[in-house]
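Beneath this line is the structure, given in structure tokens, with notes to follow.
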Number of protein chains: 6
Amino acid sequence: MEATPIAKNVVVRKIARAETPAVEALGQYGVATVHEAQGRIGLLAAYMRPIYPGTSLAGTAVTVLVPPGDNWMIHVAIEVCRPGDVLVVAPSSPCSDGYFGDLLATSLRAHGVKALVIDAGVRDVATLTEMKFPVWSKAIWAQGTVKASLGSVNVPVICAGQRVEPGDVVVADDDGVVVVSRNDAPAVAKAAAQRIAAEEEKRKRLAAGELGLDLYDMRAKLAALGLEYR
Amino acid sequence: MEATPIAKNVVVRKIARAETPAVEALGQYGVATVHEAQGRIGLLAAYMRPIYPGTSLAGTAVTVLVPPGDNWMIHVAIEVCRPGDVLVVAPSSPCSDGYFGDLLATSLRAHGVKALVIDAGVRDVATLTEMKFPVWSKAIWAQGTVKASLGSVNVPVICAGQRVEPGDVVVADDDGVVVVSRNDAPAVAKAAAQRIAAEEEKRKRLAAGELGLDLYDMRAKLAALGLEYR
Amino acid sequence: MEATPIAKNVVVRKIARAETPAVEALGQYGVATVHEAQGRIGLLAAYMRPIYPGTSLAGTAVTVLVPPGDNWMIHVAIEVCRPGDVLVVAPSSPCSDGYFGDLLATSLRAHGVKALVIDAGVRDVATLTEMKFPVWSKAIWAQGTVKASLGSVNVPVICAGQRVEPGDVVVADDDGVVVVSRNDAPAVAKAAAQRIAAEEEKRKRLAAGELGLDLYDMRAKLAALGLEYR
Amino acid sequence: MEATPIAKNVVVRKIARAETPAVEALGQYGVATVHEAQGRIGLLAAYMRPIYPGTSLAGTAVTVLVPPGDNWMIHVAIEVCRPGDVLVVAPSSPCSDGYFGDLLATSLRAHGVKALVIDAGVRDVATLTEMKFPVWSKAIWAQGTVKASLGSVNVPVICAGQRVEPGDVVVADDDGVVVVSRNDAPAVAKAAAQRIAAEEEKRKRLAAGELGLDLYDMRAKLAALGLEYR
Amino acid sequence: MEATPIAKNVVVRKIARAETPAVEALGQYGVATVHEAQGRIGLLAAYMRPIYPGTSLAGTAVTVLVPPGDNWMIHVAIEVCRPGDVLVVAPSSPCSDGYFGDLLATSLRAHGVKALVIDAGVRDVATLTEMKFPVWSKAIWAQGTVKASLGSVNVPVICAGQRVEPGDVVVADDDGVVVVSRNDAPAVAKAAAQRIAAEEEKRKRLAAGELGLDLYDMRAKLAALGLEYR
Amino acid sequence: MEATPIAKNVVVRKIARAETPAVEALGQYGVATVHEAQGRIGLLAAYMRPIYPGTSLAGTAVTVLVPPGDNWMIHVAIEVCRPGDVLVVAPSSPCSDGYFGDLLATSLRAHGVKALVIDAGVRDVATLTEMKFPVWSKAIWAQGTVKASLGSVNVPVICAGQRVEPGDVVVADDDGVVVVSRNDAPAVAKAAAQRIAAEEEKRKRLAAGELGLDLYDMRAKLAALGLEYR
């Protein structure tokens with residue numbers, strides 16, 4: 001079969017972004033809570049790991065679809081970023097090359113971008129760690145990329161198994177990365193706040209030695225299903 | 001953090017399906033051609049393999065979101081299938097268990113379903129091969145599943161890295177699986193037909209020994225980029 | 001830290017084997033049925049695949065613990081094999097080398113051994129396929145092994161994630177490999193026979209178009225859990 | 001084939017545990033030394049990693065067999081734990097979901113449990129790190145689990161490729177996890193102590209520049225095998 | 001860090017090839033024998049698999065270094081191929097895209113090229129199987145590639161973990177792929193012939209039931225190392 | 001097929017090493033810069049990771065080819081090491097065993113060796129971290145190795161996908177490991193110095209908010225390829 005270049009590469013300049021109060025709230029709750037609060041959807045694959053531990057944040061997605069081994073569109077994307085954004089990069093086929101290093105991080109920071117989420121590799125991680133520029137990636141690898149083929153900016157992408165639309169909220173911490181649909185953000189933030197409040201009481205009771213079996217009233221249900229104690 | 005059950009499990013009974021002529025046409029062209037014809041999108045991950053070689057087909061997607069290790073919703077889905085459908089099953093977290101065997105295949109066949117595409121495992125593959133019931137899966141494994149938790153039928157799912165919506169066209173052959181959006185199906189079928197026609201001429205010229213370098217007029221462009229012959 | 005050679009390498013000549021009628025019965029039912037019939041235990045990992053499709057068998061395990069990249073103990077094991085045995089080989093650390101080829105298969109066959117199950121690699125697969133000597137393995141690879149270090153024969157081993165004791169029944173087909181404890185074999189064979197009988201009736205009803213939802217009486221339970229139809 | 005629910009789920013309340021002096025001794029020697037001292041058996045797979053570096057400990061195993069994506073039995077297990085135990089969790093099929101978070105850790109700590117070893121995923125790792133609750137796991141992932149199906153507590157399990165029986169000693173540090181059979185614990189502790197003593201002298205000689213070739217008297221054996229110097 | 005395009009892309013037109021008699025001889029012996037005969041070197045990684053079983057061949061390597069997701073250089077390479085060559089394609093970073101399909105196979109066949117060995121993906125495998133054009137690859141996947149960046153032809157490459165120089169002999173069968181250095185080919189062919197002859201006698205003795213323990217005189221050595229029979 | 005021991009195990013005592021000024025210079029620039037400066041070759045696979053973060057160094061390679069699960073040749077290699085060397089260990093087939101621990105590190109340090117690069121596993125990592133002995137490895141695992149079979153020292157090896165010759169420069173940091181050919185070292189060091197100088201200016205301009213699109217003059221080229229802004 002003969003191959004042809006990919007059609008229709010576009011850059012969408014103006015996107016609707018989730019509203020700041022919801023984004024800020026989600027950033028406080030962390031990935032596991034937000035994932036639960038929205039009914040267990042939107043979690044990126046387990047191989048997405050932070051390059052250094054201890055960061056927790058949320059931002060609005062600017063999405064970038066890149067060819068394998070080609071980081072040109074990241075340069076293109078920076079121009080349409082705004083303070084508070086998180087760059088979300090997805091390759092059109094699986095790739096672990098080092099698409100991103102300290103110069104791009106310097107440029108993103110200059111435009112107020114908070115972090116990078118990339119379903120591929122990054123490099124210069126010692127410098128990125130020093131700069132405290134947070135990255136969640138599939139790999140750490142120095143392999144260079146070219147600037148030869150086009151991709152797209154601010155189109156829906158599938159990143160590490162989840163669909164991310166431009167303007168969605170991306171929440172990331174040591175547990176991984178979760179995406180919240182732009183329109184759902186306020187409702188999810190509210191549900192997450194309720195979970196946090198409910199957990200505080202439970203944490204105290206569990207710390208005092210009460211069993212989950214009693215706290216969650218599980219004994220009858222276990223018996224009904226036939227669990228046998230010996 | 002405390003866990004909570006997944007909310008909002010639904011079965012959508014009526015879905016719009018791609019129209020039959022487009023589905024039938026796409027089934028003749030095969031995965032690689034269709035993938036190219038629609039601009040290189042929609043291809044499921046490379047680990048999706050047929051359980052036996054030699055089948056090529058297309059059908060309309062009935063989608064099933066299943067919990068890990070729980071195949072209950074496949075039984076639910078069969079009721080809403082129609083002749084010509086392909087069942088597309090995606091687990092809510094990665095799983096290789098054997099969700100599907102010869103009894104479910106017998107039931108699907110009785111309702112006219114053409115094939116199964118599952119981002120998980122299947123079993124009874126010797127019988128499925130004998131029955132000539134085609135399956136594309138991530139794994140072959142006898143591991144049993146339970147019927148304890150709900151999922152959903154005919155919601156958008158992400159299956160092996162691609163978003164599949166109910167009613168989309170699923171094309172599958174020995175090269176893998178590609179999904180075509182319901183509305184794009186006629187246009188993609190047309191583009192695919194054009195590709196096939198164009199290739200016939202090229203195949204003849206290549207078979208006669210003409211080089212792709214000349215056929216595609218590549219020499220000047222290679223020289224411009226600095227390719228050096230020694 | 002300094003390393004020391006592994007202690008206590010033994011060859012156990014006489015082992016108790018599962019009785020022939022149970023082994024023969026289990027060989028008729030296949031892996032998925034046997035795995036179900038014994039309560040879903042004993043299934044080897046999904047990466048254990050037959051080198052060619054279409055074989056289904058059962059035999060009694062002679063177990064071999066081998067060092068990585070060293071197949072010496074397979075030669076030792078053959079002497080203690082009897083007709084009807086299946087050789088089960090587990091490396092002491094993960095390895096994909098080709099421990100086994102056509103000469104060893106010739107020798108095993110001369111002693112009545114039915115098959116090989118190996119959590120490592122094999123080679124000469126074209127010849128093995130011609131000879132119809134069945135093998136389930138983790139890999140196919142020509143990489144040679146040495147004969148320099150000892151292992152053990154007929155000790156309990158963990159093979160592809162399951163504990164196998166000498167004399168246990170090994171059942172293998174296109175779905176993978178399952179081990180049945182020697183003492184459980186008659187009871188599991190009986191339970192498997194019952195499952196097969198029960199399925200025949202269900203297969204007919206499903207083939208006639210009856211839904212699993214009705215056949216298994218699932219509708220009320222689904223409703224109770226909150227499944228919503230739209 | 002039709003699937004059926006797993007039979008015979010049990011919780012064993014009373015188990016025999018390895019004796020405290022042996023457990024405490026093993027906790028001082030670390031994984032590599034203990035693994036060597038018991039003849040190189042019992043080491044869990046290399047993918048079992050600590051969620052933060054720098055911890056070394058030993059405890060007695062309370063084992064939990066869990067369905068994929070279902071953490072209910074962890075709640076059940078806590079009731080039968082005692083101070084000094086380590087919870088060992090094995091899924092019945094491979095799973096990377098986040099079975100465990102900070103609330104369960106709070107509860108385990110309240111009952112004196114020292115650590116978790118889980119052949120699956122965990123979440124809330126930032127909080128677990130802050131709490132200094134040690135975990136060795138296959139994955140870090142926020143993916144939530146349900147409470148719908150039974151498993152068992154204090155039955156023998158295969159965890160990351162090794163059989164663990166209730167009451168066995170689990171030793172874990174930055175090199176991974178090793179299990180020592182309950183009855184062997186005193187003898188292994190003694191052998192480990194001897195290794196540590198023997199190594200101290202060797203470390204000094206190596207630090208002074210003496211070669212292992214001379215210290216271990218290897219030259220003649222290498223020559224006999226035909227090693228050629230150029 | 002900033003990225004720059006790869007320097008120095010070359011096509012070497014004239015290469016020295018291994019001589020035909022040695023290539024033809026090696027093609028008769030198969031991968032495992034040749035790998036052994038040359039002292040167990042040169043074997044490509046175990047993930048290199050034939051797209052259909054039953055082929056065994058040898059040819060002279062024309063090497064192609066390709067960028068990830070870019071198959072342009074394969075077109076360039078065909079011009080420098082001669083009858084009896086095998087095309088060996090290595091990507092500069094790991095990639096599973098479908099670099100190769102039936103049109104390229106048609107072109108290669110027109111120039112007498114016997115097979116493709118590619119450390120990446122291929123597509124149109126149903127047609128390739130029908131054409132009986134042999135391919136050993138890392139993956140089967142329809143993912144398309146572009147023609148945007150240069151690589152090199154007939155430079156040394158590392159393909160699936162082994163260095164291949166232009167003109168080397170590539171031997172491939174169902175066990176995988178092995179490379180023989182151009183200059184070593186006659187000597188390796190001779191050593192392989194001796195192995196085959198020596199094996200015939202052993203095969204007969206093993207088939208007659210003689211044990212490897214006796215045939216290879218292993219008993220004394222096993223006893224000396226301390227193997228204990230019980 | 002019958003296996004035979006690997007032929008021709010050698011230790012090459014005297015090797016030519018890259019000259020110290022070039023090695024020292026390369027050690028300052030780091031992996032990504034050196035990889036770029038030499039035209040994007042020589043990078044080891046992405047799975048090679050440091051056992052602790054924050055080290056950056058370069059040294060001259062002493063290479064060791066080891067059998068799977070056998071670390072004997074590491075002892076042999078130490079005798080031929082000199083201050084400033086880096087030990088590069090490659091197994092002859094894939095292996096994750098713990099070939100190396102604190103005693104070997106003590107010995108290497110006594111002979112001035114700076115670091116270990118090993119395409120396999122290491123253990124005693126807590127002690128190695130305390131000692132600040134840097135290691136880049138494929139795995140961390142306590143699994144012990146034997147001393148039973150020979151390998152070679154100071155022959156060319158393929159380590160994590162790259163050919164390393166004795167005396168080559170090995171550069172390693174948090175981004176991975178790159179090898180520079182002995183003879184190319186001075187030229188690559190010079191090219192790397194130029195890159196670093198050129199980047200400083202760019203970093204300032206990017207930090208001030210200038211876009212890469214303008215800095216690298218990309219807009220016309222993007223437009224020519226058809227990138228569409230919306």
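Identifiers in this document derive from the order of the structure tokens: chains are assigned A, B, ..., residues are numbered from 1 separately in each chain, and ligands are numbered from 1 in order of occurrence.
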
Neighbouring residues of Val146 of chain E were defined as those with any atom within 12 Å, considering only C-alpha atoms; residues of the same chain fewer than 4 positions away were excluded. Please report them as a VMD selection string.
(chain A and resid 2 to 7 67 to 70 92 to 93 148 to 150) or (chain B and resid 36 39 to 40) or (chain E and resid 66 to 75 97 to 100 150)

How would the residues just chosen look if you wrote them out with N, CA, C and O atoms as a tab-separated table (two decimals), in the first residue's frame?
```
chain	number	residue	atom	x	y	z
A	2	GLU	N	0.36	2.24	-0.66
A	2	GLU	CA	1.08	3.50	-0.75
A	2	GLU	C	0.61	4.43	0.38
A	2	GLU	O	-0.56	4.47	0.74
A	3	ALA	N	1.56	5.19	0.90
A	3	ALA	CA	1.22	6.11	1.99
A	3	ALA	C	1.00	7.52	1.48
A	3	ALA	O	1.56	7.92	0.48
A	4	THR	N	0.17	8.28	2.18
A	4	THR	CA	-0.01	9.69	1.84
A	4	THR	C	0.09	10.54	3.10
A	4	THR	O	-0.22	10.06	4.18
A	5	PRO	N	0.50	11.79	2.96
A	5	PRO	CA	0.63	12.64	4.15
A	5	PRO	C	-0.72	12.84	4.83
A	5	PRO	O	-1.78	12.79	4.18
A	6	ILE	N	-0.69	13.05	6.11
A	6	ILE	CA	-1.90	13.30	6.88
A	6	ILE	C	-2.52	14.63	6.45
A	6	ILE	O	-1.83	15.63	6.30
A	7	ALA	N	-3.81	14.62	6.29
A	7	ALA	CA	-4.51	15.82	5.82
A	7	ALA	C	-4.90	16.73	6.98
A	7	ALA	O	-4.92	16.33	8.13
A	67	PRO	N	3.58	14.39	15.23
A	67	PRO	CA	4.02	13.16	14.57
A	67	PRO	C	5.06	12.45	15.46
A	67	PRO	O	5.65	13.07	16.33
A	68	PRO	N	5.32	11.15	15.21
A	68	PRO	CA	6.36	10.47	15.99
A	68	PRO	C	7.72	11.10	15.71
A	68	PRO	O	8.08	11.32	14.55
A	69	GLY	N	8.45	11.44	16.77
A	69	GLY	CA	9.80	11.95	16.62
A	69	GLY	C	9.89	13.35	16.05
A	69	GLY	O	10.92	13.75	15.50
A	70	ASP	N	8.85	14.16	16.17
A	70	ASP	CA	8.81	15.50	15.57
A	70	ASP	C	8.13	16.45	16.55
A	70	ASP	O	6.94	16.32	16.82
A	92	SER	N	0.97	10.94	17.28
A	92	SER	CA	0.00	10.22	16.45
A	92	SER	C	0.33	8.73	16.35
A	92	SER	O	-0.53	7.95	15.99
A	93	SER	N	1.56	8.35	16.64
A	93	SER	CA	1.80	6.93	16.97
A	93	SER	C	2.75	6.84	18.15
A	93	SER	O	3.46	7.80	18.43
A	148	ALA	N	9.99	18.50	10.93
A	148	ALA	CA	9.81	18.26	9.50
A	148	ALA	C	8.35	18.10	9.08
A	148	ALA	O	8.02	18.39	7.93
A	149	SER	N	7.49	17.67	9.99
A	149	SER	CA	6.10	17.38	9.59
A	149	SER	C	5.13	18.13	10.50
A	149	SER	O	5.43	18.40	11.67
A	150	LEU	N	3.97	18.40	9.97
A	150	LEU	CA	2.97	19.14	10.74
A	150	LEU	C	2.15	18.23	11.63
A	150	LEU	O	2.06	17.03	11.42
B	36	GLU	N	-5.71	5.18	5.74
B	36	GLU	CA	-5.14	6.23	4.89
B	36	GLU	C	-6.21	7.15	4.33
B	36	GLU	O	-6.05	8.36	4.31
B	39	GLY	N	-7.31	10.05	6.40
B	39	GLY	CA	-6.30	10.97	6.92
B	39	GLY	C	-5.57	10.43	8.11
B	39	GLY	O	-5.12	11.18	8.97
B	40	ARG	N	-5.43	9.10	8.19
B	40	ARG	CA	-4.62	8.46	9.22
B	40	ARG	C	-5.09	8.70	10.64
B	40	ARG	O	-4.29	9.02	11.53
E	66	VAL	N	16.18	4.45	9.23
E	66	VAL	CA	15.01	5.31	8.97
E	66	VAL	C	14.62	6.10	10.21
E	66	VAL	O	14.80	5.64	11.33
E	67	PRO	N	14.11	7.32	10.02
E	67	PRO	CA	13.57	8.07	11.16
E	67	PRO	C	12.28	7.40	11.66
E	67	PRO	O	11.67	6.62	10.92
E	68	PRO	N	11.88	7.69	12.91
E	68	PRO	CA	10.61	7.13	13.39
E	68	PRO	C	9.46	7.62	12.53
E	68	PRO	O	9.34	8.83	12.28
E	69	GLY	N	8.62	6.70	12.07
E	69	GLY	CA	7.41	7.09	11.34
E	69	GLY	C	7.67	7.63	9.95
E	69	GLY	O	6.82	8.34	9.40
E	70	ASP	N	8.79	7.32	9.34
E	70	ASP	CA	9.14	7.88	8.03
E	70	ASP	C	9.81	6.79	7.19
E	70	ASP	O	10.89	6.32	7.50
E	71	ASN	N	9.15	6.40	6.11
E	71	ASN	CA	9.66	5.26	5.31
E	71	ASN	C	10.30	5.67	3.99
E	71	ASN	O	10.51	4.84	3.10
E	72	TRP	N	10.63	6.93	3.86
E	72	TRP	CA	11.15	7.45	2.60
E	72	TRP	C	12.40	6.69	2.13
E	72	TRP	O	12.55	6.36	0.96
E	73	MET	N	13.28	6.40	3.07
E	73	MET	CA	14.56	5.80	2.69
E	73	MET	C	14.40	4.37	2.15
E	73	MET	O	15.32	3.86	1.51
E	74	ILE	N	13.27	3.74	2.42
E	74	ILE	CA	13.08	2.41	1.82
E	74	ILE	C	12.98	2.53	0.30
E	74	ILE	O	13.57	1.74	-0.44
E	75	HIS	N	12.28	3.56	-0.15
E	75	HIS	CA	12.23	3.81	-1.60
E	75	HIS	C	13.63	4.04	-2.15
E	75	HIS	O	13.98	3.55	-3.23
E	97	ASP	N	5.29	1.62	13.74
E	97	ASP	CA	4.45	2.01	12.60
E	97	ASP	C	4.63	1.05	11.42
E	97	ASP	O	5.63	0.37	11.29
E	98	GLY	N	3.62	1.04	10.55
E	98	GLY	CA	3.63	0.16	9.39
E	98	GLY	C	4.41	0.78	8.23
E	98	GLY	O	3.82	1.31	7.31
E	99	TYR	N	5.73	0.62	8.26
E	99	TYR	CA	6.61	1.23	7.26
E	99	TYR	C	6.46	0.61	5.87
E	99	TYR	O	6.96	1.18	4.90
E	100	PHE	N	5.87	-0.55	5.77
E	100	PHE	CA	6.04	-1.38	4.57
E	100	PHE	C	4.74	-2.11	4.26
E	100	PHE	O	4.11	-2.67	5.16
E	150	LEU	N	15.28	12.54	6.09
E	150	LEU	CA	16.25	11.61	5.52
E	150	LEU	C	16.74	10.59	6.55
E	150	LEU	O	16.65	10.81	7.75
```

Set the cut-off to 6 Å and count only C-alpha atoms: what are the residues of chain B that reach chain E? Output as a CSV table (one decimal) with N, CA, C and O atoms, in the first residue's frame.
```csv
chain,number,residue,atom,x,y,z
B,32,ALA,N,-5.7,-0.9,6.2
B,32,ALA,CA,-4.7,0.1,5.9
B,32,ALA,C,-5.2,1.1,4.9
B,32,ALA,O,-5.0,2.3,5.1
B,46,ALA,N,-1.6,-1.4,18.2
B,46,ALA,CA,-1.0,-2.5,17.4
B,46,ALA,C,-1.1,-3.9,18.2
B,46,ALA,O,-1.0,-4.9,17.5
B,175,ASP,N,-4.3,-6.7,9.5
B,175,ASP,CA,-3.5,-5.6,9.9
B,175,ASP,C,-3.9,-4.9,11.2
B,175,ASP,O,-3.2,-4.0,11.7
B,203,ARG,N,1.0,-0.4,-8.9
B,203,ARG,CA,1.5,-1.8,-8.7
B,203,ARG,C,2.1,-2.4,-9.9
B,203,ARG,O,3.1,-3.0,-9.9
B,206,LEU,N,5.5,-0.7,-10.7
B,206,LEU,CA,6.5,-1.2,-9.7
B,206,LEU,C,6.9,-2.7,-10.1
B,206,LEU,O,8.0,-3.1,-10.0
B,207,ALA,N,5.8,-3.5,-10.4
B,207,ALA,CA,6.1,-4.9,-10.7
B,207,ALA,C,7.0,-5.0,-12.0
B,207,ALA,O,7.7,-6.0,-12.1
B,209,GLY,N,9.4,-3.1,-12.5
B,209,GLY,CA,10.8,-2.7,-12.2
B,209,GLY,C,11.0,-1.2,-12.1
B,209,GLY,O,12.1,-0.8,-11.7
B,212,GLY,N,10.2,3.6,-7.2
B,212,GLY,CA,9.4,4.6,-6.5
B,212,GLY,C,10.0,5.9,-6.6
B,212,GLY,O,9.3,6.9,-6.7
B,227,LEU,N,20.7,14.7,0.8
B,227,LEU,CA,21.1,13.3,0.7
B,227,LEU,C,22.3,13.1,-0.2
B,227,LEU,O,22.3,13.6,-1.3
B,228,GLU,N,23.3,12.5,0.4
B,228,GLU,CA,24.6,12.3,-0.3
B,228,GLU,C,24.8,10.9,-0.8
B,228,GLU,O,24.7,10.0,0.0
B,229,TYR,N,25.0,10.7,-2.1
B,229,TYR,CA,25.3,9.4,-2.6
B,229,TYR,C,26.8,9.2,-2.7
B,229,TYR,O,27.6,10.1,-3.1
B,230,ARG,N,27.2,7.9,-2.3
B,230,ARG,CA,28.7,7.6,-2.4
B,230,ARG,C,28.9,6.4,-3.3
B,230,ARG,O,28.2,5.4,-3.2
```

Which residues in segment 29-154 of chain B does DSSP call alpha helix (DSSP H)? List them as a VMD selection string.
chain B and resid 29 31 to 37 72 to 78 102 to 110 125 to 131

Saved selection, atoms kept: C-alpha atoms, as an mmCIF file, in the first residue's frame:
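Writing done, so here's result_14.cif:
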```cif
data_model
loop_
_atom_site.group_PDB
_atom_site.id
_atom_site.type_symbol
_atom_site.label_atom_id
_atom_site.label_comp_id
_atom_site.auth_asym_id
_atom_site.auth_seq_id
_atom_site.Cartn_x
_atom_site.Cartn_y
_atom_site.Cartn_z
ATOM 1 C CA TYR B 29 -11.001 -2.055 1.259
ATOM 2 C CA VAL B 31 -7.809 -1.496 7.383
ATOM 3 C CA ALA B 32 -4.687 0.087 5.884
ATOM 4 C CA THR B 33 -6.549 1.631 2.959
ATOM 5 C CA VAL B 34 -9.387 2.951 5.132
ATOM 6 C CA HIS B 35 -6.933 4.353 7.682
ATOM 7 C CA GLU B 36 -5.135 6.225 4.892
ATOM 8 C CA ALA B 37 -8.338 7.321 3.184
ATOM 9 C CA TRP B 72 -21.945 -9.040 32.686
ATOM 10 C CA MET B 73 -22.580 -6.112 30.365
ATOM 11 C CA ILE B 74 -21.788 -8.217 27.295
ATOM 12 C CA HIS B 75 -24.959 -10.193 28.024
ATOM 13 C CA VAL B 76 -26.829 -6.917 28.362
ATOM 14 C CA ALA B 77 -25.428 -5.606 25.081
ATOM 15 C CA ILE B 78 -26.592 -8.526 22.953
ATOM 16 C CA ASP B 102 -18.019 -19.826 22.557
ATOM 17 C CA LEU B 103 -21.418 -19.485 24.303
ATOM 18 C CA LEU B 104 -21.410 -15.719 23.932
ATOM 19 C CA ALA B 105 -20.264 -16.131 20.324
ATOM 20 C CA THR B 106 -23.186 -18.491 19.700
ATOM 21 C CA SER B 107 -25.539 -15.894 21.126
ATOM 22 C CA LEU B 108 -24.020 -13.018 19.120
ATOM 23 C CA ARG B 109 -24.208 -15.051 15.939
ATOM 24 C CA ALA B 110 -27.872 -15.848 16.597
ATOM 25 C CA VAL B 125 -10.409 -19.833 20.743
ATOM 26 C CA ALA B 126 -10.203 -23.323 19.241
ATOM 27 C CA THR B 127 -14.022 -23.444 19.125
ATOM 28 C CA LEU B 128 -14.281 -19.828 17.942
ATOM 29 C CA THR B 129 -11.880 -20.684 15.109
ATOM 30 C CA GLU B 130 -13.951 -23.739 14.187
ATOM 31 C CA MET B 131 -17.127 -21.635 14.251
#
```

Find the spatial neighbours of Leu26 of chain D, counting only C-alpha atoms, within a cut-off of 7 Å - ignore same-chain residues fewer than 5 positions away - and output them as a PyMOL selection string.
chain D and resi 34+58+171+189

Quick one: pick out all strand (DSSP E) residues within segment 130-222 of chain C from a backbone DSSP run and write them as a PyMOL selection string.
chain C and resi 135-140+152-153+157-159+162-164+169-173+176-180

Atoms to include: N, CA and C atoms. Write the selected residues as a tab-separated table (two decimals), in the first residue's frame.
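Dumped to result08.tsv:
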```tsv
chain	number	residue	atom	x	y	z
C	135	VAL	N	4.34	-27.76	22.35
C	135	VAL	CA	5.05	-26.94	23.33
C	135	VAL	C	4.23	-25.69	23.62
C	136	TRP	N	4.13	-25.35	24.91
C	136	TRP	CA	3.61	-24.06	25.33
C	136	TRP	C	4.77	-23.31	25.96
C	137	SER	N	5.05	-22.10	25.46
C	137	SER	CA	6.23	-21.38	25.93
C	137	SER	C	5.97	-19.88	26.05
C	138	LYS	N	6.91	-19.18	26.69
C	138	LYS	CA	6.86	-17.72	26.81
C	138	LYS	C	7.40	-17.06	25.56
C	139	ALA	N	8.32	-17.74	24.86
C	139	ALA	CA	8.98	-17.13	23.71
C	139	ALA	C	9.44	-18.20	22.74
C	140	ILE	N	9.65	-17.76	21.49
C	140	ILE	CA	10.33	-18.57	20.49
C	140	ILE	C	11.60	-17.82	20.16
C	152	SER	N	17.07	-28.29	39.87
C	152	SER	CA	16.44	-29.43	40.55
C	152	SER	C	15.36	-30.04	39.67
C	153	VAL	N	15.04	-31.30	39.93
C	153	VAL	CA	13.98	-31.99	39.22
C	153	VAL	C	12.97	-32.54	40.22
C	157	VAL	N	7.62	-26.00	41.76
C	157	VAL	CA	8.13	-24.81	41.08
C	157	VAL	C	6.99	-23.81	40.88
C	158	ILE	N	7.35	-22.55	40.65
C	158	ILE	CA	6.35	-21.58	40.21
C	158	ILE	C	6.63	-21.31	38.75
C	159	CYS	N	5.67	-21.69	37.91
C	159	CYS	CA	5.82	-21.62	36.46
C	159	CYS	C	4.77	-20.66	35.92
C	162	GLN	N	2.09	-19.76	38.52
C	162	GLN	CA	1.34	-20.78	39.26
C	162	GLN	C	2.28	-21.82	39.87
C	163	ARG	N	1.95	-22.28	41.06
C	163	ARG	CA	2.73	-23.34	41.68
C	163	ARG	C	2.35	-24.68	41.05
C	164	VAL	N	3.36	-25.44	40.62
C	164	VAL	CA	3.13	-26.76	40.07
C	164	VAL	C	3.93	-27.75	40.92
C	169	VAL	N	-1.68	-32.55	37.51
C	169	VAL	CA	-2.13	-32.64	36.12
C	169	VAL	C	-1.96	-31.29	35.44
C	170	VAL	N	-1.38	-31.33	34.25
C	170	VAL	CA	-1.24	-30.13	33.43
C	170	VAL	C	-2.17	-30.29	32.23
C	171	VAL	N	-3.07	-29.33	32.05
C	171	VAL	CA	-4.00	-29.35	30.92
C	171	VAL	C	-3.64	-28.16	30.03
C	172	ALA	N	-3.52	-28.38	28.74
C	172	ALA	CA	-3.08	-27.31	27.84
C	172	ALA	C	-3.83	-27.38	26.52
C	173	ASP	N	-4.21	-26.20	26.03
C	173	ASP	CA	-4.80	-26.11	24.68
C	173	ASP	C	-4.58	-24.71	24.14
C	176	GLY	N	-4.34	-21.73	26.59
C	176	GLY	CA	-3.25	-21.61	27.55
C	176	GLY	C	-3.04	-22.90	28.32
C	177	VAL	N	-2.65	-22.77	29.59
C	177	VAL	CA	-2.27	-23.92	30.41
C	177	VAL	C	-2.86	-23.76	31.81
C	178	VAL	N	-3.42	-24.87	32.35
C	178	VAL	CA	-3.92	-24.84	33.73
C	178	VAL	C	-3.38	-26.06	34.45
C	179	VAL	N	-3.08	-25.90	35.75
C	179	VAL	CA	-2.59	-27.01	36.55
C	179	VAL	C	-3.66	-27.42	37.56
C	180	VAL	N	-3.84	-28.74	37.71
C	180	VAL	CA	-4.81	-29.28	38.67
C	180	VAL	C	-4.03	-30.12	39.68
```
